[in-house]
Amino acid sequence: MIKQIDTMEMPEWLQADKFTFNIKNILTDSFYYPACRFDGDPIKHFLGNVFSYVYADYSVKYSEFDKEVELGLRGYKVIHREKLTRRQLAPNGWNIRVHLTSADRGKRLPFPHERPFAEWVIYERLDSFTEEHNPKRCSFLFICAEGVSAYQALYLENKIAPKMLGIIQPGTGMGGNWTDFYDEEKIFARSVLYENKRENFPKYLVVNRYRSHDGESEVRWSKYANLKCSATKFVNNHGDRTSYWSNYDGKLEVWELNPINAVELSE
């Protein structure tokens, strides 16, 4: 976990001996990560700041996902796997609240949409590892679905905001994404900021600066003005200096929602 960000106790539903899927439990205080592929860094570094992860990516085959789950997370074992139905994910229907405009589409490579699926996985730390490695359990929901529609169907429909939102190399341009998640004028940002009230926004935005021929680009949204920490170096909860996210081209940053801006928006 990162000590510059709010930590939390493991929720009671994750401490249970038997697990019952409840979408509102999964979404509350979660980390939402669209266009994610199999990036485990948010789990590695933010487990303890959050305990529930929701990943969405339409380019992932089930066979690929199954292989990654079997490979697992370092120091953890799978103690629960459950395939989910659309009704379990969205009991009130997969509803669209923010509609597409002609300006939302970008240029992308013709990446295929794989057959949709959803699976819930719970990991538990191995006995050979201690709390210094990371907390005991985490919840991981993976949905093979498009990231904008998944956000609307899950978070907007249930009137719940994720605690953290990851926009980390989301396939803009040559990466195959059909829209630009970085651009706060386009449909993904309009969906996340839909209600225009602070309590309905994610508290933290996790983004990466990227390098282009014009230099290093800042990609945070304007409502997130408080830089909590930079990816170049984090201080973990043991006080050690550790280099994180070395696989990214550029800096990864965690920005906190500015409460002053949010008050102005709600007036």
# chains A, B, ... in the order shown; residues from 1 in each chain; ligands from 1

$ select_by_dssp --residues "region 43-92 of chain A" --states "strand (DSSP E)" --output "list of chain:residue names"
A:Ser52, A:Tyr53, A:Val54, A:Tyr55, A:Ala56, A:Tyr76, A:Lys77, A:Val78, A:Ile79, A:His80, A:Arg81, A:Glu82, A:Lys83

$ write_last_selection --atoms "N, CA and C atoms" --output "PDB file, in the first residue's frame"
ATOM      1  N   SER A  52     -10.751  -4.152  -3.366  1.00  0.00           N
ATOM      2  CA  SER A  52     -11.563  -4.671  -4.463  1.00  0.00           C
ATOM      3  C   SER A  52     -11.123  -4.025  -5.770  1.00  0.00           C
ATOM      4  N   TYR A  53     -10.833  -4.866  -6.760  1.00  0.00           N
ATOM      5  CA  TYR A  53     -10.380  -4.402  -8.071  1.00  0.00           C
ATOM      6  C   TYR A  53     -11.385  -4.827  -9.132  1.00  0.00           C
ATOM      7  N   VAL A  54     -11.732  -3.880 -10.000  1.00  0.00           N
ATOM      8  CA  VAL A  54     -12.648  -4.150 -11.107  1.00  0.00           C
ATOM      9  C   VAL A  54     -11.913  -3.794 -12.393  1.00  0.00           C
ATOM     10  N   TYR A  55     -11.613  -4.810 -13.201  1.00  0.00           N
ATOM     11  CA  TYR A  55     -10.901  -4.630 -14.460  1.00  0.00           C
ATOM     12  C   TYR A  55     -11.877  -4.874 -15.614  1.00  0.00           C
ATOM     13  N   ALA A  56     -11.741  -4.071 -16.676  1.00  0.00           N
ATOM     14  CA  ALA A  56     -12.588  -4.242 -17.863  1.00  0.00           C
ATOM     15  C   ALA A  56     -11.738  -4.075 -19.115  1.00  0.00           C
ATOM     16  N   TYR A  76       0.310 -15.228  -3.397  1.00  0.00           N
ATOM     17  CA  TYR A  76      -1.119 -15.450  -3.180  1.00  0.00           C
ATOM     18  C   TYR A  76      -1.591 -16.731  -3.860  1.00  0.00           C
ATOM     19  N   LYS A  77      -2.694 -17.266  -3.348  1.00  0.00           N
ATOM     20  CA  LYS A  77      -3.367 -18.400  -3.965  1.00  0.00           C
ATOM     21  C   LYS A  77      -4.829 -18.033  -4.190  1.00  0.00           C
ATOM     22  N   VAL A  78      -5.462 -18.692  -5.142  1.00  0.00           N
ATOM     23  CA  VAL A  78      -6.882 -18.480  -5.413  1.00  0.00           C
ATOM     24  C   VAL A  78      -7.697 -19.322  -4.438  1.00  0.00           C
ATOM     25  N   ILE A  79      -8.620 -18.685  -3.722  1.00  0.00           N
ATOM     26  CA  ILE A  79      -9.491 -19.436  -2.811  1.00  0.00           C
ATOM     27  C   ILE A  79     -10.950 -19.408  -3.259  1.00  0.00           C
ATOM     28  N   HIS A  80     -11.239 -18.623  -4.304  1.00  0.00           N
ATOM     29  CA  HIS A  80     -12.618 -18.586  -4.809  1.00  0.00           C
ATOM     30  C   HIS A  80     -12.598 -18.108  -6.254  1.00  0.00           C
ATOM     31  N   ARG A  81     -13.318 -18.826  -7.124  1.00  0.00           N
ATOM     32  CA  ARG A  81     -13.551 -18.399  -8.501  1.00  0.00           C
ATOM     33  C   ARG A  81     -15.013 -18.610  -8.822  1.00  0.00           C
ATOM     34  N   GLU A  82     -15.611 -17.613  -9.471  1.00  0.00           N
ATOM     35  CA  GLU A  82     -17.040 -17.704  -9.768  1.00  0.00           C
ATOM     36  C   GLU A  82     -17.341 -16.981 -11.076  1.00  0.00           C
ATOM     37  N   LYS A  83     -17.895 -17.713 -12.040  1.00  0.00           N
ATOM     38  CA  LYS A  83     -18.344 -17.084 -13.271  1.00  0.00           C
ATOM     39  C   LYS A  83     -19.665 -16.366 -13.002  1.00  0.00           C
TER      40      LYS A  83
END

$ residues_around --residues "Ile26 (chain A)" --least-positions-apart "3" --cutoff "12 Å" --atoms "only C-alpha atoms" --output "JSON, numbers by chain"
{"A": [11, 12, 13, 14, 19, 20, 21, 22, 23, 29, 30, 31, 32, 50, 51, 52, 53, 54, 55, 88, 89, 120, 121, 122, 138, 139, 140, 141, 142, 154, 155, 158, 160, 161, 162, 163]}

$ closest_residue --among "A:Ala153, A:Ile5, A:Ala103, A:Val148" --to "Phe46 (chain A)" --atoms "only C-alpha atoms"
A:Ile5

$ residues_around --residues "region 126-134 of chain A" --least-positions-apart "5" --cutoff "10 Å" --atoms "only C-alpha atoms" --output "ChimeraX atom specification"
/A:1,43-48,74-78,237-238

$ atom_distance --atom1 "CA of Lys197 (chain A)" --atom2 "CA of Gly171 (chain A)"
28.4 Å

$ residues_around --residues "Thr101 (chain A)" --least-positions-apart "5" --cutoff "12 Å" --atoms "only C-alpha atoms" --output "list in words"
Gly106, Thr179, Glu185, Lys186, Ile187, Phe188 and Arg190 of chain A

$ select_by_dssp --residues "region 13-241 of chain A" --states "helix (DSSP H, G or I)" --output "PyMOL selection string"
chain A and resi 13-15+23-27+41-46+62-71+86-89+102-104+147-158+173-175+187-192+198-200

$ write_last_selection --atoms "C-alpha atoms" --output "PDB file, in the first residue's frame"
ATOM      1  CA  TRP A  13     -17.526  -9.561   3.330  1.00  0.00           C
ATOM      2  CA  LEU A  14     -13.951 -10.343   2.264  1.00  0.00           C
ATOM      3  CA  GLN A  15     -13.100 -11.790   5.693  1.00  0.00           C
ATOM      4  CA  ILE A  23     -22.110  -6.087  -6.836  1.00  0.00           C
ATOM      5  CA  LYS A  24     -22.460  -3.155  -4.439  1.00  0.00           C
ATOM      6  CA  ASN A  25     -19.855  -4.637  -2.101  1.00  0.00           C
ATOM      7  CA  ILE A  26     -17.511  -5.133  -5.039  1.00  0.00           C
ATOM      8  CA  LEU A  27     -17.900  -1.576  -6.337  1.00  0.00           C
ATOM      9  CA  ASP A  41       0.739  -3.311 -10.661  1.00  0.00           C
ATOM     10  CA  PRO A  42      -2.334  -1.635  -9.101  1.00  0.00           C
ATOM     11  CA  ILE A  43      -2.887  -4.756  -6.992  1.00  0.00           C
ATOM     12  CA  LYS A  44       0.755  -4.940  -6.011  1.00  0.00           C
ATOM     13  CA  HIS A  45       1.019  -1.304  -4.989  1.00  0.00           C
ATOM     14  CA  PHE A  46      -2.470  -0.249  -3.828  1.00  0.00           C
ATOM     15  CA  TYR A  62     -11.303 -16.196 -21.690  1.00  0.00           C
ATOM     16  CA  SER A  63      -8.492 -18.682 -22.327  1.00  0.00           C
ATOM     17  CA  GLU A  64      -5.962 -15.882 -21.780  1.00  0.00           C
ATOM     18  CA  PHE A  65      -7.678 -14.768 -18.596  1.00  0.00           C
ATOM     19  CA  ASP A  66      -7.860 -18.326 -17.264  1.00  0.00           C
ATOM     20  CA  LYS A  67      -4.140 -18.817 -17.859  1.00  0.00           C
ATOM     21  CA  GLU A  68      -3.280 -15.587 -16.029  1.00  0.00           C
ATOM     22  CA  VAL A  69      -5.417 -16.528 -13.027  1.00  0.00           C
ATOM     23  CA  GLU A  70      -3.700 -19.900 -12.834  1.00  0.00           C
ATOM     24  CA  LEU A  71      -0.294 -18.209 -12.989  1.00  0.00           C
ATOM     25  CA  ARG A  86     -24.996 -10.162 -16.735  1.00  0.00           C
ATOM     26  CA  ARG A  87     -27.875 -10.060 -14.237  1.00  0.00           C
ATOM     27  CA  GLN A  88     -25.461 -10.476 -11.323  1.00  0.00           C
ATOM     28  CA  LEU A  89     -23.380  -7.579 -12.608  1.00  0.00           C
ATOM     29  CA  SER A 102     -19.462  11.973 -33.308  1.00  0.00           C
ATOM     30  CA  ALA A 103     -16.526  13.658 -31.537  1.00  0.00           C
ATOM     31  CA  ASP A 104     -15.996  10.705 -29.180  1.00  0.00           C
ATOM     32  CA  GLY A 147     -14.658   0.236 -20.439  1.00  0.00           C
ATOM     33  CA  VAL A 148     -17.119   3.113 -20.927  1.00  0.00           C
ATOM     34  CA  SER A 149     -20.276   1.005 -21.055  1.00  0.00           C
ATOM     35  CA  ALA A 150     -19.045  -1.121 -18.138  1.00  0.00           C
ATOM     36  CA  TYR A 151     -18.538   1.995 -16.006  1.00  0.00           C
ATOM     37  CA  GLN A 152     -22.023   3.245 -16.806  1.00  0.00           C
ATOM     38  CA  ALA A 153     -23.699  -0.117 -16.191  1.00  0.00           C
ATOM     39  CA  LEU A 154     -21.845  -0.787 -12.941  1.00  0.00           C
ATOM     40  CA  TYR A 155     -20.995   2.459 -11.200  1.00  0.00           C
ATOM     41  CA  LEU A 156     -23.559   4.904 -12.578  1.00  0.00           C
ATOM     42  CA  GLU A 157     -26.423   2.439 -12.351  1.00  0.00           C
ATOM     43  CA  ASN A 158     -25.597   1.637  -8.715  1.00  0.00           C
ATOM     44  CA  GLY A 173      -3.974   6.011 -30.860  1.00  0.00           C
ATOM     45  CA  MET A 174      -2.054   2.928 -31.992  1.00  0.00           C
ATOM     46  CA  GLY A 175      -3.142   0.853 -29.004  1.00  0.00           C
ATOM     47  CA  ILE A 187     -17.324   9.972 -23.383  1.00  0.00           C
ATOM     48  CA  PHE A 188     -15.283   8.122 -20.764  1.00  0.00           C
ATOM     49  CA  ALA A 189     -14.599  11.236 -18.688  1.00  0.00           C
ATOM     50  CA  ARG A 190     -18.167  12.451 -19.227  1.00  0.00           C
ATOM     51  CA  SER A 191     -19.380   9.125 -17.844  1.00  0.00           C
ATOM     52  CA  VAL A 192     -17.122   9.210 -14.786  1.00  0.00           C
ATOM     53  CA  ARG A 198     -18.004  15.407  -5.629  1.00  0.00           C
ATOM     54  CA  GLU A 199     -19.426  12.367  -3.822  1.00  0.00           C
ATOM     55  CA  ASN A 200     -20.008  10.661  -7.183  1.00  0.00           C
TER      56      ASN A 200
END

$ residues_around --residues "Met164 (chain A)" --least-positions-apart "4" --cutoff "6 Å" --atoms "only C-alpha atoms" --output "list in words"
Phe31, Pro202, Tyr204 and Leu205 of chain A

$ write_last_selection --atoms "C-alpha atoms" --output "CSV table (one decimal), in the first residue's frame"
chain,number,residue,atom,x,y,z
A,31,PHE,CA,-10.1,0.4,-8.0
A,202,PRO,CA,-13.5,8.8,-7.8
A,204,TYR,CA,-8.1,9.4,-6.8
A,205,LEU,CA,-7.1,9.4,-10.5
